[in-house]
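Q: Before we start, here is the structure in question, set down as structure tokens.
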Amino acid sequence: MSRIKTLFQEKKNILSIYFTAGYPELNDTVRIAEALEKSGADLLEIGFPYSDPVADGPVIQASSKQSLDQGMDLKLLFEQLKSLREKVSIPVLLMGYVNPMLQFGVENFCNACVEVGVDGCIVPDLPMVEYEEFYQDIFESRGLSNIFLVTPQTSPERIRKIDGLSNGFIYLLSSSATTGQSLQVSENTESYFARIADLKLNNPLMIGFGINSKETFDKACQYANGGIIGSAFVKALEPADLEGSIQRFMLKFKS
């Protein structure tokens, strides 16, 4: 059984943390992953940076630019991740945009994920129809999960299609805004979450975008299997005290 499926069978209120590879320093990637697991993270999303991160807010955009300026690319990231499974046992996903993955080669990308122990990826701008036609067999033959995103505007028909194609979890965006906005559970948001629940999907749900405090994480857990934190974590990283800043940040959510 995959690490992702095992996690969702064994745990509730799952805390997933996103961070940008190669930020704040180029060689911090595995160091941050190791510190996050030690501090209580259940799932990791390692962002591979791209020069045009249209869905990201200013914090992640800035971290991506700094990472790229320091020399990060997919080839270097996979080199860094060769030591990942010596230090990290929880599920790990790569998250980014489709262009770098296509340039690297989708089959090469998937093979490299398997080699370093990555469990799958999240590629928000990879069209579902292209995934199904060209890449699904490549992912599934290697035991990799491709995580799809659902927004408040996604139709029930498309959500059921996503559920049928998924073998990990479904990433439920709290809104259609960019990353970094605070989660506001309004009447419309509650109606959206209730609509998803009524579909009785087969895959677990994780809520992302706007989770930046224990309060917003707990709200997400009321409607899904857990929450994903990105911008708030990236913003909290302190290069001079990396492990300490990670521990202090995680204490807010694990207390």
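Labels used: A, B, ... for chains in the order of the structure tokens, numbers from 1 for residues in each chain, and numbers from 1 for ligands as shown.
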Which residues of segment 68-108 of chain A come within 12 Å of segment 6-24 of chain A, and for each one, what is the closest pair of atoms and their distance in Å to one decimal, counting only C-alpha atoms, sorted by chain and residue number, as JSON lines?
A:
{"residue": "A:Leu68", "atom": "CA", "partner": "A:Gly22", "partner_atom": "CA", "distance": 7.9}
{"residue": "A:Asp69", "atom": "CA", "partner": "A:Gly22", "partner_atom": "CA", "distance": 9.7}
{"residue": "A:Gln70", "atom": "CA", "partner": "A:Gly22", "partner_atom": "CA", "distance": 7.6}
{"residue": "A:Gly71", "atom": "CA", "partner": "A:Gly22", "partner_atom": "CA", "distance": 8.2}
{"residue": "A:Met72", "atom": "CA", "partner": "A:Gly22", "partner_atom": "CA", "distance": 6.0}
{"residue": "A:Asp73", "atom": "CA", "partner": "A:Gly22", "partner_atom": "CA", "distance": 8.9}
{"residue": "A:Leu74", "atom": "CA", "partner": "A:Ala21", "partner_atom": "CA", "distance": 9.5}
{"residue": "A:Lys75", "atom": "CA", "partner": "A:Ala21", "partner_atom": "CA", "distance": 11.9}
{"residue": "A:Leu76", "atom": "CA", "partner": "A:Gly22", "partner_atom": "CA", "distance": 9.3}
{"residue": "A:Leu77", "atom": "CA", "partner": "A:Ala21", "partner_atom": "CA", "distance": 7.1}
{"residue": "A:Phe78", "atom": "CA", "partner": "A:Ala21", "partner_atom": "CA", "distance": 10.4}
{"residue": "A:Glu79", "atom": "CA", "partner": "A:Ala21", "partner_atom": "CA", "distance": 11.8}
{"residue": "A:Gln80", "atom": "CA", "partner": "A:Gly22", "partner_atom": "CA", "distance": 9.4}
{"residue": "A:Leu81", "atom": "CA", "partner": "A:Ala21", "partner_atom": "CA", "distance": 10.1}
{"residue": "A:Ser89", "atom": "CA", "partner": "A:Leu7", "partner_atom": "CA", "distance": 11.1}
{"residue": "A:Ile90", "atom": "CA", "partner": "A:Leu7", "partner_atom": "CA", "distance": 8.2}
{"residue": "A:Pro91", "atom": "CA", "partner": "A:Leu7", "partner_atom": "CA", "distance": 7.9}
{"residue": "A:Val92", "atom": "CA", "partner": "A:Ser16", "partner_atom": "CA", "distance": 9.5}
{"residue": "A:Leu93", "atom": "CA", "partner": "A:Tyr18", "partner_atom": "CA", "distance": 9.2}
{"residue": "A:Leu94", "atom": "CA", "partner": "A:Tyr18", "partner_atom": "CA", "distance": 9.3}
{"residue": "A:Met95", "atom": "CA", "partner": "A:Tyr18", "partner_atom": "CA", "distance": 8.4}
{"residue": "A:Gly96", "atom": "CA", "partner": "A:Thr20", "partner_atom": "CA", "distance": 9.5}
Q: List every residue of segment 20-239 of chain A that DSSP, applied to the backbone of this structure, places in strand (DSSP E or B), and write the result as a ChimeraX atom specification.
A: /A:20,43-47,92-95,120-122,145-147,149-150,170-173,205-208,226-229
Q: Just the selected residues (N, CA and C atoms), exported as a PDB file, in the first residue's frame, please.
A:
ATOM      1  N   THR A  20       9.070  25.721  -0.781  1.00  0.00           N
ATOM      2  CA  THR A  20       9.719  25.854  -2.076  1.00  0.00           C
ATOM      3  C   THR A  20      11.112  25.246  -2.024  1.00  0.00           C
ATOM      4  N   LEU A  43       2.540  15.218   5.950  1.00  0.00           N
ATOM      5  CA  LEU A  43       2.642  15.125   4.493  1.00  0.00           C
ATOM      6  C   LEU A  43       3.400  16.357   4.021  1.00  0.00           C
ATOM      7  N   LEU A  44       4.256  16.192   3.004  1.00  0.00           N
ATOM      8  CA  LEU A  44       5.046  17.312   2.496  1.00  0.00           C
ATOM      9  C   LEU A  44       4.757  17.545   1.024  1.00  0.00           C
ATOM     10  N   GLU A  45       4.705  18.815   0.649  1.00  0.00           N
ATOM     11  CA  GLU A  45       4.600  19.217  -0.748  1.00  0.00           C
ATOM     12  C   GLU A  45       5.798  20.108  -1.050  1.00  0.00           C
ATOM     13  N   ILE A  46       6.717  19.603  -1.854  1.00  0.00           N
ATOM     14  CA  ILE A  46       7.916  20.360  -2.191  1.00  0.00           C
ATOM     15  C   ILE A  46       7.692  21.035  -3.534  1.00  0.00           C
ATOM     16  N   GLY A  47       7.691  22.360  -3.524  1.00  0.00           N
ATOM     17  CA  GLY A  47       7.438  23.103  -4.743  1.00  0.00           C
ATOM     18  C   GLY A  47       8.675  23.211  -5.613  1.00  0.00           C
ATOM     19  N   VAL A  92       5.679  12.312   0.435  1.00  0.00           N
ATOM     20  CA  VAL A  92       6.218  13.534  -0.163  1.00  0.00           C
ATOM     21  C   VAL A  92       5.702  13.663  -1.590  1.00  0.00           C
ATOM     22  N   LEU A  93       5.178  14.846  -1.899  1.00  0.00           N
ATOM     23  CA  LEU A  93       4.728  15.173  -3.245  1.00  0.00           C
ATOM     24  C   LEU A  93       5.575  16.314  -3.788  1.00  0.00           C
ATOM     25  N   LEU A  94       5.722  16.363  -5.105  1.00  0.00           N
ATOM     26  CA  LEU A  94       6.293  17.533  -5.758  1.00  0.00           C
ATOM     27  C   LEU A  94       5.150  18.354  -6.332  1.00  0.00           C
ATOM     28  N   MET A  95       5.248  19.681  -6.188  1.00  0.00           N
ATOM     29  CA  MET A  95       4.187  20.555  -6.690  1.00  0.00           C
ATOM     30  C   MET A  95       4.792  21.652  -7.547  1.00  0.00           C
ATOM     31  N   GLY A 120       4.295  11.263  -5.579  1.00  0.00           N
ATOM     32  CA  GLY A 120       3.406  11.784  -6.608  1.00  0.00           C
ATOM     33  C   GLY A 120       3.619  13.254  -6.798  1.00  0.00           C
ATOM     34  N   CYS A 121       2.669  13.894  -7.478  1.00  0.00           N
ATOM     35  CA  CYS A 121       2.836  15.321  -7.730  1.00  0.00           C
ATOM     36  C   CYS A 121       1.492  16.025  -7.823  1.00  0.00           C
ATOM     37  N   ILE A 122       1.586  17.345  -7.741  1.00  0.00           N
ATOM     38  CA  ILE A 122       0.446  18.239  -7.928  1.00  0.00           C
ATOM     39  C   ILE A 122       0.863  19.231  -9.004  1.00  0.00           C
ATOM     40  N   SER A 145       0.965   9.086  -7.534  1.00  0.00           N
ATOM     41  CA  SER A 145      -0.322   9.768  -7.469  1.00  0.00           C
ATOM     42  C   SER A 145      -0.223  11.115  -8.179  1.00  0.00           C
ATOM     43  N   ASN A 146      -1.225  11.423  -8.999  1.00  0.00           N
ATOM     44  CA  ASN A 146      -1.364  12.765  -9.558  1.00  0.00           C
ATOM     45  C   ASN A 146      -2.556  13.409  -8.868  1.00  0.00           C
ATOM     46  N   ILE A 147      -2.296  14.467  -8.118  1.00  0.00           N
ATOM     47  CA  ILE A 147      -3.334  15.084  -7.290  1.00  0.00           C
ATOM     48  C   ILE A 147      -4.023  16.194  -8.072  1.00  0.00           C
ATOM     49  N   LEU A 149      -6.938  19.316  -8.500  1.00  0.00           N
ATOM     50  CA  LEU A 149      -7.501  20.403  -7.717  1.00  0.00           C
ATOM     51  C   LEU A 149      -8.971  20.618  -8.077  1.00  0.00           C
ATOM     52  N   VAL A 150      -9.749  20.953  -7.053  1.00  0.00           N
ATOM     53  CA  VAL A 150     -11.156  21.297  -7.218  1.00  0.00           C
ATOM     54  C   VAL A 150     -11.368  22.690  -6.645  1.00  0.00           C
ATOM     55  N   ILE A 170      -7.851  14.401  -3.065  1.00  0.00           N
ATOM     56  CA  ILE A 170      -8.263  15.516  -3.909  1.00  0.00           C
ATOM     57  C   ILE A 170      -7.963  16.808  -3.161  1.00  0.00           C
ATOM     58  N   TYR A 171      -7.320  17.727  -3.852  1.00  0.00           N
ATOM     59  CA  TYR A 171      -6.922  19.015  -3.282  1.00  0.00           C
ATOM     60  C   TYR A 171      -8.088  19.981  -3.473  1.00  0.00           C
ATOM     61  N   LEU A 172      -8.727  20.344  -2.388  1.00  0.00           N
ATOM     62  CA  LEU A 172      -9.911  21.196  -2.411  1.00  0.00           C
ATOM     63  C   LEU A 172      -9.496  22.634  -2.119  1.00  0.00           C
ATOM     64  N   LEU A 173      -9.525  23.482  -3.134  1.00  0.00           N
ATOM     65  CA  LEU A 173      -9.168  24.885  -2.929  1.00  0.00           C
ATOM     66  C   LEU A 173     -10.294  25.586  -2.189  1.00  0.00           C
ATOM     67  N   LEU A 205     -10.134  14.164   1.102  1.00  0.00           N
ATOM     68  CA  LEU A 205     -10.061  15.575   0.718  1.00  0.00           C
ATOM     69  C   LEU A 205      -9.078  16.308   1.610  1.00  0.00           C
ATOM     70  N   MET A 206      -8.289  17.190   1.010  1.00  0.00           N
ATOM     71  CA  MET A 206      -7.435  18.110   1.757  1.00  0.00           C
ATOM     72  C   MET A 206      -7.765  19.519   1.301  1.00  0.00           C
ATOM     73  N   ILE A 207      -7.906  20.433   2.248  1.00  0.00           N
ATOM     74  CA  ILE A 207      -8.233  21.819   1.919  1.00  0.00           C
ATOM     75  C   ILE A 207      -6.969  22.667   1.960  1.00  0.00           C
ATOM     76  N   GLY A 208      -6.774  23.463   0.903  1.00  0.00           N
ATOM     77  CA  GLY A 208      -5.634  24.362   0.837  1.00  0.00           C
ATOM     78  C   GLY A 208      -6.044  25.752   0.406  1.00  0.00           C
ATOM     79  N   GLY A 226      -7.986  17.006   6.289  1.00  0.00           N
ATOM     80  CA  GLY A 226      -6.886  17.798   6.804  1.00  0.00           C
ATOM     81  C   GLY A 226      -6.715  19.071   6.020  1.00  0.00           C
ATOM     82  N   GLY A 227      -5.630  19.784   6.312  1.00  0.00           N
ATOM     83  CA  GLY A 227      -5.384  21.067   5.678  1.00  0.00           C
ATOM     84  C   GLY A 227      -3.945  21.189   5.195  1.00  0.00           C
ATOM     85  N   ILE A 228      -3.771  22.058   4.203  1.00  0.00           N
ATOM     86  CA  ILE A 228      -2.469  22.292   3.587  1.00  0.00           C
ATOM     87  C   ILE A 228      -2.040  23.729   3.872  1.00  0.00           C
ATOM     88  N   ILE A 229      -0.839  23.888   4.394  1.00  0.00           N
ATOM     89  CA  ILE A 229      -0.299  25.205   4.714  1.00  0.00           C
ATOM     90  C   ILE A 229       0.896  25.477   3.821  1.00  0.00           C
TER      91      ILE A 229
END
Q: Using only C-alpha atoms, which residues sit within 10 Å of Ser2 of chain A once same-chain residues fewer than 6 positions away are excluded, as a PyMOL selection string?
A: chain A and resi 91+119+143-145+167-168
Q: Pick out each residue of segment 218-252 of chain A that DSSP on the backbone tags as helix (DSSP H, G or I); I need them as a VMD selection string.
A: chain A and resid 218 to 223 231 to 236 239 to 252
Q: So the first atom is atom CA of Glu132 of chain A and the second is atom CA of Pro204 of chain A; what is the distance between them in Å, to one decimal place?
A: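 Between atom CA of Glu132 of chain A and atom CA of Pro204 of chain A the gap is 20.3 Å.
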Q: List the spatial neighbours of Leu242 of chain A as JSON, numbers by chain - criterion: any atom at most 9 Å away, only C-alpha atoms, same-chain residues fewer than 4 positions off excluded.
A: {"A": [24, 28, 31, 32, 35, 237, 238, 246, 247]}
